[in-house]
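Participant: coords_5.cif (mmCIF, C-alpha atoms and all ligand atoms) pasted underneath:
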```cif
data_work
loop_
_atom_site.group_PDB
_atom_site.id
_atom_site.type_symbol
_atom_site.label_atom_id
_atom_site.label_comp_id
_atom_site.auth_asym_id
_atom_site.auth_seq_id
_atom_site.Cartn_x
_atom_site.Cartn_y
_atom_site.Cartn_z
ATOM 1 C CA MET Z 1 -54.781 28.554 -48.353
ATOM 2 C CA GLU Z 2 -56.746 27.039 -45.495
ATOM 3 C CA SER Z 3 -55.461 27.881 -42.040
ATOM 4 C CA ALA Z 4 -54.222 25.150 -39.686
ATOM 5 C CA PHE Z 5 -53.307 27.079 -36.527
ATOM 6 C CA ASP Z 6 -54.060 30.671 -35.632
ATOM 7 C CA LEU Z 7 -52.719 32.127 -32.410
ATOM 8 C CA VAL Z 8 -53.593 35.700 -31.529
ATOM 9 C CA ASP Z 9 -51.851 37.441 -28.617
ATOM 10 C CA VAL Z 10 -51.523 34.227 -26.626
ATOM 11 C CA HIS Z 11 -50.334 34.453 -23.023
ATOM 12 C CA LYS Z 12 -49.549 31.511 -20.770
ATOM 13 C CA ARG Z 13 -47.974 31.445 -17.351
ATOM 14 C CA PHE Z 14 -47.232 28.593 -14.986
ATOM 15 C CA ARG Z 15 -47.191 28.554 -11.203
ATOM 16 C CA MET Z 16 -43.711 27.581 -10.082
ATOM 17 C CA ALA Z 17 -43.093 25.028 -7.358
ATOM 18 C CA GLY Z 18 -41.202 27.572 -5.244
ATOM 19 C CA GLY Z 19 -44.058 30.089 -5.551
ATOM 20 C CA GLY Z 20 -44.463 32.871 -8.079
ATOM 21 C CA TRP Z 21 -45.230 32.614 -11.757
ATOM 22 C CA LYS Z 22 -43.263 31.828 -14.882
ATOM 23 C CA ARG Z 23 -44.497 33.587 -18.020
ATOM 24 C CA ALA Z 24 -43.934 30.968 -20.699
ATOM 25 C CA LEU Z 25 -45.727 32.733 -23.591
ATOM 26 C CA ARG Z 26 -45.995 36.510 -23.671
ATOM 27 C CA GLY Z 27 -48.238 37.626 -26.486
ATOM 28 C CA VAL Z 28 -47.597 35.171 -29.313
ATOM 29 C CA THR Z 29 -49.346 35.864 -32.610
ATOM 30 C CA LEU Z 30 -48.691 33.263 -35.285
ATOM 31 C CA SER Z 31 -50.588 31.735 -38.213
ATOM 32 C CA ILE Z 32 -49.714 28.438 -39.861
ATOM 33 C CA ARG Z 33 -51.485 27.454 -43.061
ATOM 34 C CA ALA Z 34 -52.533 23.865 -43.766
ATOM 35 C CA GLY Z 35 -49.734 22.009 -45.523
ATOM 36 C CA GLU Z 36 -47.003 24.410 -44.424
ATOM 37 C CA SER Z 37 -43.612 23.284 -43.038
ATOM 38 C CA VAL Z 38 -42.294 25.377 -40.168
ATOM 39 C CA ALA Z 39 -39.394 25.065 -37.717
ATOM 40 C CA ILE Z 40 -39.437 26.754 -34.318
ATOM 41 C CA ILE Z 41 -36.017 27.551 -32.869
ATOM 42 C CA GLY Z 42 -34.954 29.273 -29.656
ATOM 43 C CA PRO Z 43 -33.073 28.673 -26.409
ATOM 44 C CA SER Z 44 -34.123 26.291 -23.673
ATOM 45 C CA GLY Z 45 -37.094 27.680 -21.773
ATOM 46 C CA ALA Z 46 -38.168 29.972 -24.637
ATOM 47 C CA GLY Z 47 -41.646 28.415 -24.684
ATOM 48 C CA LYS Z 48 -41.364 26.072 -27.684
ATOM 49 C CA THR Z 49 -43.018 23.065 -26.033
ATOM 50 C CA THR Z 50 -45.687 25.293 -24.493
ATOM 51 C CA LEU Z 51 -46.438 26.673 -27.959
ATOM 52 C CA LEU Z 52 -46.810 23.159 -29.384
ATOM 53 C CA ARG Z 53 -49.178 22.216 -26.584
ATOM 54 C CA MET Z 54 -51.316 25.257 -27.363
ATOM 55 C CA MET Z 55 -51.653 23.995 -30.928
ATOM 56 C CA ASN Z 56 -52.548 20.394 -30.024
ATOM 57 C CA LEU Z 57 -55.038 21.752 -27.479
ATOM 58 C CA THR Z 58 -53.538 20.040 -24.439
ATOM 59 C CA LEU Z 59 -53.024 23.510 -22.939
ATOM 60 C CA ARG Z 60 -55.363 26.484 -23.022
ATOM 61 C CA PRO Z 61 -54.124 30.066 -23.061
ATOM 62 C CA ASP Z 62 -54.629 32.386 -20.078
ATOM 63 C CA SER Z 63 -55.620 35.035 -22.588
ATOM 64 C CA GLY Z 64 -55.645 35.403 -26.347
ATOM 65 C CA GLU Z 65 -57.072 33.128 -29.018
ATOM 66 C CA VAL Z 66 -56.104 29.729 -30.398
ATOM 67 C CA ARG Z 67 -57.947 28.354 -33.414
ATOM 68 C CA VAL Z 68 -57.396 25.032 -35.180
ATOM 69 C CA ASN Z 69 -58.645 24.763 -38.771
ATOM 70 C CA GLY Z 70 -60.277 28.113 -38.088
ATOM 71 C CA ILE Z 71 -62.326 26.633 -35.246
ATOM 72 C CA ASP Z 72 -62.354 28.034 -31.711
ATOM 73 C CA PRO Z 73 -62.132 24.935 -29.463
ATOM 74 C CA GLY Z 74 -63.801 26.855 -26.640
ATOM 75 C CA GLY Z 75 -67.000 27.022 -28.671
ATOM 76 C CA ILE Z 76 -67.536 23.314 -29.390
ATOM 77 C CA GLY Z 77 -68.655 20.248 -27.438
ATOM 78 C CA GLY Z 78 -66.807 17.134 -26.283
ATOM 79 C CA LYS Z 79 -67.259 14.990 -29.366
ATOM 80 C CA GLU Z 80 -66.387 17.744 -31.818
ATOM 81 C CA LEU Z 81 -63.451 18.732 -29.644
ATOM 82 C CA ARG Z 82 -62.093 15.194 -29.736
ATOM 83 C CA ARG Z 83 -62.433 15.190 -33.498
ATOM 84 C CA LEU Z 84 -60.615 18.515 -33.772
ATOM 85 C CA ARG Z 85 -57.848 17.237 -31.469
ATOM 86 C CA SER Z 86 -57.426 14.058 -33.499
ATOM 87 C CA MET Z 87 -56.547 16.111 -36.583
ATOM 88 C CA THR Z 88 -53.209 16.884 -34.971
ATOM 89 C CA GLY Z 89 -50.584 14.223 -34.241
ATOM 90 C CA THR Z 90 -47.806 15.043 -31.795
ATOM 91 C CA ILE Z 91 -44.377 13.498 -31.405
ATOM 92 C CA TYR Z 92 -43.150 14.515 -27.971
ATOM 93 C CA GLN Z 93 -39.644 15.250 -26.728
ATOM 94 C CA GLN Z 94 -39.812 12.260 -24.394
ATOM 95 C CA HIS Z 95 -41.506 10.222 -27.056
ATOM 96 C CA ASN Z 96 -43.926 8.557 -24.619
ATOM 97 C CA LEU Z 97 -43.403 5.040 -25.931
ATOM 98 C CA ILE Z 98 -44.105 2.189 -23.536
ATOM 99 C CA PRO Z 99 -40.694 0.486 -23.292
ATOM 100 C CA THR Z 100 -41.888 -3.024 -22.438
ATOM 101 C CA LEU Z 101 -44.327 -3.247 -25.356
ATOM 102 C CA ARG Z 102 -43.392 -4.473 -28.806
ATOM 103 C CA THR Z 103 -42.918 -1.935 -31.606
ATOM 104 C CA ILE Z 104 -46.197 -2.930 -33.251
ATOM 105 C CA HIS Z 105 -48.189 -2.246 -30.096
ATOM 106 C CA ASN Z 106 -46.588 1.143 -29.612
ATOM 107 C CA ILE Z 107 -47.404 2.043 -33.212
ATOM 108 C CA LEU Z 108 -51.002 0.880 -32.873
ATOM 109 C CA ALA Z 109 -51.365 2.981 -29.727
ATOM 110 C CA GLY Z 110 -51.659 5.888 -32.164
ATOM 111 C CA ARG Z 111 -55.094 4.534 -33.097
ATOM 112 C CA LEU Z 112 -56.347 4.293 -29.533
ATOM 113 C CA SER Z 113 -58.104 7.640 -29.543
ATOM 114 C CA SER Z 114 -60.492 6.392 -32.211
ATOM 115 C CA TRP Z 115 -61.086 2.969 -30.663
ATOM 116 C CA SER Z 116 -63.315 1.762 -27.867
ATOM 117 C CA ILE Z 117 -61.609 0.713 -24.642
ATOM 118 C CA LEU Z 118 -62.442 -2.943 -25.202
ATOM 119 C CA ARG Z 119 -61.096 -2.892 -28.695
ATOM 120 C CA SER Z 120 -57.954 -1.089 -27.490
ATOM 121 C CA LEU Z 121 -57.300 -3.691 -24.813
ATOM 122 C CA TYR Z 122 -57.973 -6.521 -27.234
ATOM 123 C CA SER Z 123 -55.552 -5.035 -29.737
ATOM 124 C CA LEU Z 124 -52.737 -5.410 -27.213
ATOM 125 C CA ILE Z 125 -53.205 -9.161 -27.334
ATOM 126 C CA ALA Z 126 -53.995 -9.605 -31.001
ATOM 127 C CA PRO Z 127 -53.109 -6.528 -33.066
ATOM 128 C CA ARG Z 128 -55.961 -5.905 -35.470
ATOM 129 C CA GLU Z 129 -54.531 -3.446 -37.888
ATOM 130 C CA THR Z 130 -51.235 -5.244 -38.292
ATOM 131 C CA GLY Z 131 -51.106 -4.321 -41.954
ATOM 132 C CA ARG Z 132 -51.403 -0.615 -41.245
ATOM 133 C CA ALA Z 133 -48.821 -0.763 -38.469
ATOM 134 C CA ALA Z 134 -46.432 -2.664 -40.717
ATOM 135 C CA GLU Z 135 -46.910 -0.117 -43.470
ATOM 136 C CA ALA Z 136 -46.158 2.769 -41.093
ATOM 137 C CA ALA Z 137 -43.123 0.885 -39.747
ATOM 138 C CA HIS Z 138 -41.935 0.332 -43.300
ATOM 139 C CA ARG Z 139 -42.299 4.012 -44.148
ATOM 140 C CA VAL Z 140 -40.066 5.071 -41.259
ATOM 141 C CA GLY Z 141 -37.641 2.168 -41.710
ATOM 142 C CA VAL Z 142 -38.283 -0.027 -38.653
ATOM 143 C CA LEU Z 143 -40.233 -2.841 -40.286
ATOM 144 C CA ASP Z 144 -37.612 -5.390 -39.225
ATOM 145 C CA LYS Z 145 -38.170 -4.341 -35.600
ATOM 146 C CA LEU Z 146 -41.958 -4.694 -35.638
ATOM 147 C CA TRP Z 147 -42.072 -7.564 -33.125
ATOM 148 C CA GLU Z 148 -39.093 -6.412 -31.040
ATOM 149 C CA ARG Z 149 -39.583 -4.973 -27.569
ATOM 150 C CA THR Z 150 -39.316 -1.206 -27.869
ATOM 151 C CA ASP Z 151 -36.693 -0.880 -25.111
ATOM 152 C CA ARG Z 152 -34.351 -3.042 -27.206
ATOM 153 C CA LEU Z 153 -34.401 -0.440 -29.996
ATOM 154 C CA SER Z 154 -31.793 2.314 -30.342
ATOM 155 C CA GLY Z 155 -32.735 5.920 -29.532
ATOM 156 C CA GLY Z 156 -33.069 6.732 -33.230
ATOM 157 C CA GLU Z 157 -35.223 3.674 -33.903
ATOM 158 C CA GLN Z 158 -37.481 4.559 -30.988
ATOM 159 C CA GLN Z 159 -37.839 8.042 -32.440
ATOM 160 C CA ARG Z 160 -38.938 6.430 -35.717
ATOM 161 C CA VAL Z 161 -41.500 4.316 -33.881
ATOM 162 C CA ALA Z 162 -42.850 7.521 -32.352
ATOM 163 C CA ILE Z 163 -43.184 8.986 -35.853
ATOM 164 C CA ALA Z 164 -44.927 5.827 -37.093
ATOM 165 C CA ARG Z 165 -47.324 6.042 -34.171
ATOM 166 C CA ALA Z 166 -48.192 9.629 -35.108
ATOM 167 C CA LEU Z 167 -48.577 8.642 -38.794
ATOM 168 C CA ILE Z 168 -50.997 5.823 -38.142
ATOM 169 C CA GLN Z 169 -53.331 8.328 -36.548
ATOM 170 C CA ASN Z 170 -53.357 9.878 -40.040
ATOM 171 C CA PRO Z 171 -53.496 13.436 -38.755
ATOM 172 C CA ARG Z 172 -53.746 16.489 -41.015
ATOM 173 C CA HIS Z 173 -51.171 18.299 -38.939
ATOM 174 C CA LEU Z 174 -48.013 16.878 -37.444
ATOM 175 C CA LEU Z 175 -46.227 18.511 -34.509
ATOM 176 C CA ALA Z 176 -42.812 17.279 -33.400
ATOM 177 C CA ASP Z 177 -40.985 18.414 -30.278
ATOM 178 C CA GLU Z 178 -37.227 17.984 -30.686
ATOM 179 C CA PRO Z 179 -37.568 14.795 -32.751
ATOM 180 C CA ILE Z 180 -33.800 14.516 -33.195
ATOM 181 C CA ALA Z 181 -32.756 15.205 -29.597
ATOM 182 C CA SER Z 182 -31.885 11.564 -28.913
ATOM 183 C CA VAL Z 183 -30.553 10.752 -32.376
ATOM 184 C CA ASP Z 184 -26.885 10.859 -33.328
ATOM 185 C CA PRO Z 185 -25.983 13.808 -35.608
ATOM 186 C CA SER Z 186 -25.306 11.643 -38.648
ATOM 187 C CA ARG Z 187 -28.888 10.357 -38.520
ATOM 188 C CA ALA Z 188 -30.520 13.643 -37.571
ATOM 189 C CA ASP Z 189 -30.628 14.960 -41.129
ATOM 190 C CA ALA Z 190 -32.052 11.709 -42.463
ATOM 191 C CA LEU Z 191 -34.803 11.729 -39.845
ATOM 192 C CA ILE Z 192 -35.798 15.323 -40.579
ATOM 193 C CA SER Z 193 -35.698 14.618 -44.330
ATOM 194 C CA LEU Z 194 -37.994 11.675 -43.684
ATOM 195 C CA LEU Z 195 -40.436 13.813 -41.704
ATOM 196 C CA ARG Z 196 -40.432 16.468 -44.427
ATOM 197 C CA LYS Z 197 -40.894 13.840 -47.158
ATOM 198 C CA LEU Z 198 -43.796 12.136 -45.365
ATOM 199 C CA SER Z 199 -45.520 15.447 -44.775
ATOM 200 C CA ASP Z 200 -44.906 16.673 -48.339
ATOM 201 C CA GLU Z 201 -46.186 13.469 -49.924
ATOM 202 C CA ASN Z 202 -49.325 13.528 -47.839
ATOM 203 C CA ARG Z 203 -49.733 17.307 -47.864
ATOM 204 C CA LYS Z 204 -49.642 17.441 -44.085
ATOM 205 C CA THR Z 205 -48.812 20.498 -42.063
ATOM 206 C CA ILE Z 206 -45.573 19.998 -40.157
ATOM 207 C CA LEU Z 207 -44.289 22.066 -37.294
ATOM 208 C CA VAL Z 208 -41.060 21.052 -35.589
ATOM 209 C CA ASN Z 209 -39.261 22.403 -32.527
ATOM 210 C CA LEU Z 210 -35.524 22.180 -33.101
ATOM 211 C CA HIS Z 211 -32.455 22.909 -31.012
ATOM 212 C CA ASP Z 212 -30.222 22.264 -34.003
ATOM 213 C CA VAL Z 213 -30.199 25.563 -35.914
ATOM 214 C CA PRO Z 214 -28.281 24.389 -39.024
ATOM 215 C CA VAL Z 215 -30.710 21.470 -39.430
ATOM 216 C CA ALA Z 216 -33.665 23.867 -39.150
ATOM 217 C CA LEU Z 217 -32.176 26.276 -41.705
ATOM 218 C CA ARG Z 218 -31.365 23.477 -44.137
ATOM 219 C CA HIS Z 219 -34.734 21.755 -44.133
ATOM 220 C CA PHE Z 220 -37.465 24.321 -43.517
ATOM 221 C CA PRO Z 221 -38.728 27.176 -45.694
ATOM 222 C CA ARG Z 222 -40.050 29.100 -42.709
ATOM 223 C CA ILE Z 223 -38.245 29.629 -39.393
ATOM 224 C CA VAL Z 224 -39.841 31.113 -36.294
ATOM 225 C CA GLY Z 225 -37.424 32.340 -33.606
ATOM 226 C CA LEU Z 226 -38.961 32.175 -30.139
ATOM 227 C CA SER Z 227 -37.242 33.953 -27.272
ATOM 228 C CA ALA Z 228 -38.522 34.405 -23.712
ATOM 229 C CA GLY Z 229 -42.081 33.642 -24.767
ATOM 230 C CA LYS Z 230 -42.150 36.013 -27.748
ATOM 231 C CA VAL Z 231 -41.741 35.661 -31.499
ATOM 232 C CA LEU Z 232 -38.470 37.438 -32.286
ATOM 233 C CA PHE Z 233 -38.564 36.675 -36.013
ATOM 234 C CA ASP Z 234 -40.568 34.714 -38.580
ATOM 235 C CA LEU Z 235 -38.504 34.467 -41.758
ATOM 236 C CA PRO Z 236 -37.310 32.251 -44.586
ATOM 237 C CA PRO Z 237 -33.883 30.771 -43.729
ATOM 238 C CA GLY Z 238 -32.090 32.928 -46.311
ATOM 239 C CA GLU Z 239 -33.108 36.074 -44.466
ATOM 240 C CA ILE Z 240 -31.848 35.007 -41.057
ATOM 241 C CA THR Z 241 -28.613 36.723 -40.123
ATOM 242 C CA GLY Z 242 -25.948 35.834 -37.557
ATOM 243 C CA ASP Z 243 -26.968 38.946 -35.613
ATOM 244 C CA LEU Z 244 -30.562 37.709 -35.331
ATOM 245 C CA LEU Z 245 -29.352 34.350 -34.032
ATOM 246 C CA ILE Z 246 -27.108 36.091 -31.486
ATOM 247 C CA GLN Z 247 -30.118 38.081 -30.334
ATOM 248 C CA LEU Z 248 -32.224 34.907 -30.188
ATOM 249 C CA TYR Z 249 -29.724 33.045 -28.021
ATOM 250 C CA GLU Z 250 -28.687 36.082 -25.980
ATOM 251 C CA GLY Z 251 -27.833 35.027 -22.455
ATOM 252 C CA ASP Z 252 -27.614 31.381 -23.505
ATOM 253 C CA GLN Z 253 -24.306 30.183 -22.100
ATOM 254 C CA GLU Z 254 -23.935 27.472 -24.693
ATOM 255 C CA MET Z 255 -23.937 29.787 -27.683
ATOM 256 C CA THR Z 256 -21.175 32.112 -28.837
ATOM 257 C CA ALA Z 257 -21.233 34.722 -31.611
ATOM 258 C CA GLY Z 258 -18.765 32.609 -33.591
ATOM 259 C CA GLU Z 259 -21.163 29.707 -33.453
ATOM 260 C CA ALA Z 260 -24.079 31.794 -34.678
ATOM 261 C CA TYR Z 261 -22.137 32.819 -37.783
ATOM 262 C CA ALA Z 262 -20.883 29.272 -38.272
ATOM 263 C CA TRP Z 263 -24.504 28.051 -38.220
ATOM 264 C CA ILE Z 264 -25.450 30.465 -40.973
ATOM 265 C CA GLY Z 265 -22.338 29.576 -42.987
ATOM 266 C CA GLU Z 266 -22.987 25.871 -42.647
ATOM 267 C CA ALA Z 267 -26.565 26.160 -43.835
ATOM 268 C CA MET Z 268 -25.496 28.351 -46.793
ATOM 269 C CA LYS Z 269 -22.754 25.920 -47.794
ATOM 270 C CA GLU Z 270 -25.212 23.026 -47.718
ATOM 271 C CA SER Z 271 -27.815 24.838 -49.785
ATOM 272 C CA LEU Z 272 -25.199 25.925 -52.358
ATOM 273 C CA ALA Z 273 -23.883 22.365 -52.571
ATOM 274 C CA GLY Z 274 -27.407 20.944 -52.805
HETATM 275 N N1 LIG Z 301 -46.142 22.690 -16.320
HETATM 276 C C1 LIG Z 301 -45.254 23.663 -16.022
HETATM 277 N N2 LIG Z 301 -45.138 24.137 -14.764
HETATM 278 C C2 LIG Z 301 -44.271 25.118 -14.453
HETATM 279 N N3 LIG Z 301 -43.458 25.718 -15.347
HETATM 280 C C3 LIG Z 301 -43.514 25.281 -16.624
HETATM 281 C C4 LIG Z 301 -44.403 24.230 -17.036
HETATM 282 N N4 LIG Z 301 -44.240 24.024 -18.345
HETATM 283 C C5 LIG Z 301 -43.281 24.901 -18.744
HETATM 284 N N5 LIG Z 301 -42.849 25.655 -17.722
HETATM 285 C C6 LIG Z 301 -41.850 26.733 -17.785
HETATM 286 O O1 LIG Z 301 -42.180 27.576 -18.876
HETATM 287 C C7 LIG Z 301 -41.017 27.956 -19.604
HETATM 288 C C8 LIG Z 301 -41.145 27.511 -21.039
HETATM 289 O O2 LIG Z 301 -41.098 26.091 -21.064
HETATM 290 P P1 LIG Z 301 -41.068 25.237 -22.398
HETATM 291 O O3 LIG Z 301 -41.035 23.825 -21.997
HETATM 292 O O4 LIG Z 301 -42.168 25.689 -23.278
HETATM 293 O O5 LIG Z 301 -39.661 25.694 -23.039
HETATM 294 P P2 LIG Z 301 -38.884 25.099 -24.298
HETATM 295 O O6 LIG Z 301 -38.600 26.232 -25.212
HETATM 296 O O7 LIG Z 301 -39.636 23.945 -24.836
HETATM 297 O O8 LIG Z 301 -37.507 24.608 -23.652
HETATM 298 P P3 LIG Z 301 -36.575 23.355 -24.053
HETATM 299 O O9 LIG Z 301 -35.846 23.802 -25.291
HETATM 300 O O10 LIG Z 301 -35.656 23.211 -22.887
HETATM 301 O O11 LIG Z 301 -37.448 22.162 -24.266
HETATM 302 C C9 LIG Z 301 -39.849 27.322 -18.866
HETATM 303 O O12 LIG Z 301 -39.289 28.274 -17.999
HETATM 304 C C10 LIG Z 301 -40.484 26.189 -18.101
HETATM 305 O O13 LIG Z 301 -39.766 25.897 -16.928
HETATM 306 MG MG MG Z 302 -39.244 21.943 -24.983
#
```
Just give me the structure of the file as C-alpha cells.
Ligand SMILES: Nc1ncnc2c1ncn2[C@@H]1O[C@H](COP(=O)(O)OP(=O)(O)OP(=O)(O)O)[C@@H](O)[C@H]1O
Ligand SMILES: [Mg+2]

Facilitator:
Amino acid sequence: MESAFDLVDVHKRFRMAGGGWKRALRGVTLSIRAGESVAIIGPSGAGKTTLLRMMNLTLRPDSGEVRVNGIDPGGIGGKELRRLRSMTGTIYQQHNLIPTLRTIHNILAGRLSSWSILRSLYSLIAPRETGRAAEAAHRVGVLDKLWERTDRLSGGEQQRVAIARALIQNPRHLLADEPIASVDPSRADALISLLRKLSDENRKTILVNLHDVPVALRHFPRIVGLSAGKVLFDLPPGEITGDLLIQLYEGDQEMTAGEAYAWIGEAMKESLAG
C-alpha cells in the first residue's frame, strides 16, 4: 500500500522558557500507510502533539527524516509544499474555531488555504460554498446549528464543527489531537465512531491522539504507545497487555496498575459484546 507518513529517527527538542532544552521526540521511527487508522496513546508530555505536527509539516525535525506521501518536504518548492500540506487536515486539541463566527463560516474556513485572500474575505460576508458546508455539517450532525454563533454551541458540537472544517478541505489524511477531550464520555464513543466511519467511507488515513485508552483500544486496529518521546510499542489492541500500559504510564500520577488492567478488561468486554 502507498505510504502516507514515514518518520525515520526523528528528534525534536524545544528551548524552555526557564533555559535549557526539552527533548520532545527522541528517535521516533514510524510508518503509516495511506488509508490506515491509528491511535497514539501515552501520558501528558509524551510528545503526541509534537508528533502530529511533524506529520502535518508545521514543525520540522532537528534531525531524522519526515516524508509525506513518500515526498521529502525539504526537497520541494513553496507551491508544491503548500499542495503537500493541504493533503493533510488537522483537528487540534484547542480546536481553533473562531467563537464569534457562525458555524458555517468556521466550516468554510477549512477552504481558505485554497482560496485567494479576496475570495476568503468575501466568503465571510456571503458564503459561497454553502452547499458544501451544509453537507459537511450534516455529516457530522450539526446541520441545525449552521447559522448559529459557534460560541453558543456545546463543547461536543464545537468539536463536530472542527471535524466538518477539516472534512471540507477534503484531505487524504486526517490528524486529530484529542478530539474527545472536551466531549462528555457518553458522546466520546459516538464521535470517534463518526471519525472512523467518515475516514473508512472515504478511504482516508486517520491518526488520532487519545488520552482515553479504552476508547483507543475499542476503535483502532493499530495502537502506538508513545512515552517520553519514544515509541514504546506499536501493536494491534489485542496484543496490548496491562503490563505494557503500566510501563507506558509509568510515573504518571493519575494512573494506577488497577486502572491499566481495568482498561484492558473494558476493551475486551466491549469487543466480545460487539
Ligand atoms: N513550543 C514548545 N516550546 C517548549 N516546549 C514544548 C513546546 N511544544 C512542546 N513542548 C514540550 O515538549 C513535550 C512534549 O509536548 P507535547 O505537546 O508533544 O506532548 P503531548 O504528548 O501532546 O502531551 P498532552 O497529552 O498533555 O497533550 C512537553 O514536555 C512539552 O512541554
Ligand atoms: Mg498534546

Participant: Evaluating the PyMOL selection byres (((not hetatm)) within 7 of (chain Z and resi 301)) on the displayed file yields which residues, as a PyMOL selection string?

Facilitator: chain Z and resi 14-16+22-24+42-51+211

Participant: Given all atoms listed in the file as the basis, pick out the residue of Z:Val28, Z:Val161, Z:Leu210, Z:Ile41 nearest to Ala188 (chain Z).

Facilitator: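 Looking only at the distances to Ala188 (chain Z), the closest residue turns out to be Z:Leu210.
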
Participant: Since I can't run it myself right now, could you work out what the PyMOL selection byres (((chain Z and resi 240) around 12) and not hetatm) selects here and report it as a ChimeraX atom specification?

Facilitator: /Z:41,213-214,216-218,221-225,232-239,241-248,260-261,263-265,267-268

Participant: Which residue, Z:Ala190, Z:Leu52, Z:Val142, Z:Ile76, has the smallest gap to ligand MG 302 (chain Z) when you use all atoms listed in the file?

Facilitator: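 Using all atoms listed in the file, ligand MG 302 (chain Z) sits closest to Z:Leu52.
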
Participant: Find the spatial neighbours of Asp151 (chain Z), counting all atoms listed in the file, within a cut-off of 12 Å - ignore same-chain residues fewer than 4 positions away - and output them as an NGL selection string.

Facilitator: :Z and (96-103 or 106 or 145 or 147 or 155-159 or 161)

Participant: Which distance in Å separates CA of Glu65 (chain Z) and CA of Gly77 (chain Z), to one decimal?

Facilitator: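 These atoms are spaced 17.4 Å apart.
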
Participant: Expanded to explicit residues, what is the PyMOL selection byres (((chain Z and resi 200) around 12) and not hetatm) for this file, as a VMD selection string?

Facilitator: chain Z and resid 34 to 37 172 to 174 193 to 199 201 to 206 220

Participant: With C-alpha atoms retained, write the just-selected residues as a PDB file, in the frame of the given file.

Facilitator:
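Written output follows (selection_3.pdb):
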```
ATOM      1  CA  ALA Z  34     -52.533  23.865 -43.766  1.00  0.00           C
ATOM      2  CA  GLY Z  35     -49.734  22.009 -45.523  1.00  0.00           C
ATOM      3  CA  GLU Z  36     -47.003  24.410 -44.424  1.00  0.00           C
ATOM      4  CA  SER Z  37     -43.612  23.284 -43.038  1.00  0.00           C
ATOM      5  CA  ARG Z 172     -53.746  16.489 -41.015  1.00  0.00           C
ATOM      6  CA  HIS Z 173     -51.171  18.299 -38.939  1.00  0.00           C
ATOM      7  CA  LEU Z 174     -48.013  16.878 -37.444  1.00  0.00           C
ATOM      8  CA  SER Z 193     -35.698  14.618 -44.330  1.00  0.00           C
ATOM      9  CA  LEU Z 194     -37.994  11.675 -43.684  1.00  0.00           C
ATOM     10  CA  LEU Z 195     -40.436  13.813 -41.704  1.00  0.00           C
ATOM     11  CA  ARG Z 196     -40.432  16.468 -44.427  1.00  0.00           C
ATOM     12  CA  LYS Z 197     -40.894  13.840 -47.158  1.00  0.00           C
ATOM     13  CA  LEU Z 198     -43.796  12.136 -45.365  1.00  0.00           C
ATOM     14  CA  SER Z 199     -45.520  15.447 -44.775  1.00  0.00           C
ATOM     15  CA  GLU Z 201     -46.186  13.469 -49.924  1.00  0.00           C
ATOM     16  CA  ASN Z 202     -49.325  13.528 -47.839  1.00  0.00           C
ATOM     17  CA  ARG Z 203     -49.733  17.307 -47.864  1.00  0.00           C
ATOM     18  CA  LYS Z 204     -49.642  17.441 -44.085  1.00  0.00           C
ATOM     19  CA  THR Z 205     -48.812  20.498 -42.063  1.00  0.00           C
ATOM     20  CA  ILE Z 206     -45.573  19.998 -40.157  1.00  0.00           C
ATOM     21  CA  PHE Z 220     -37.465  24.321 -43.517  1.00  0.00           C
TER      22      PHE Z 220
END
```

Participant: When you count all atoms listed in the file, which of these residues is closest to ligand MG 302 (chain Z): Z:Val66, Z:Leu81, Z:Ala176, Z:Val10?

Facilitator: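 Looking only at the distances to ligand MG 302 (chain Z), the closest residue turns out to be Z:Ala176.
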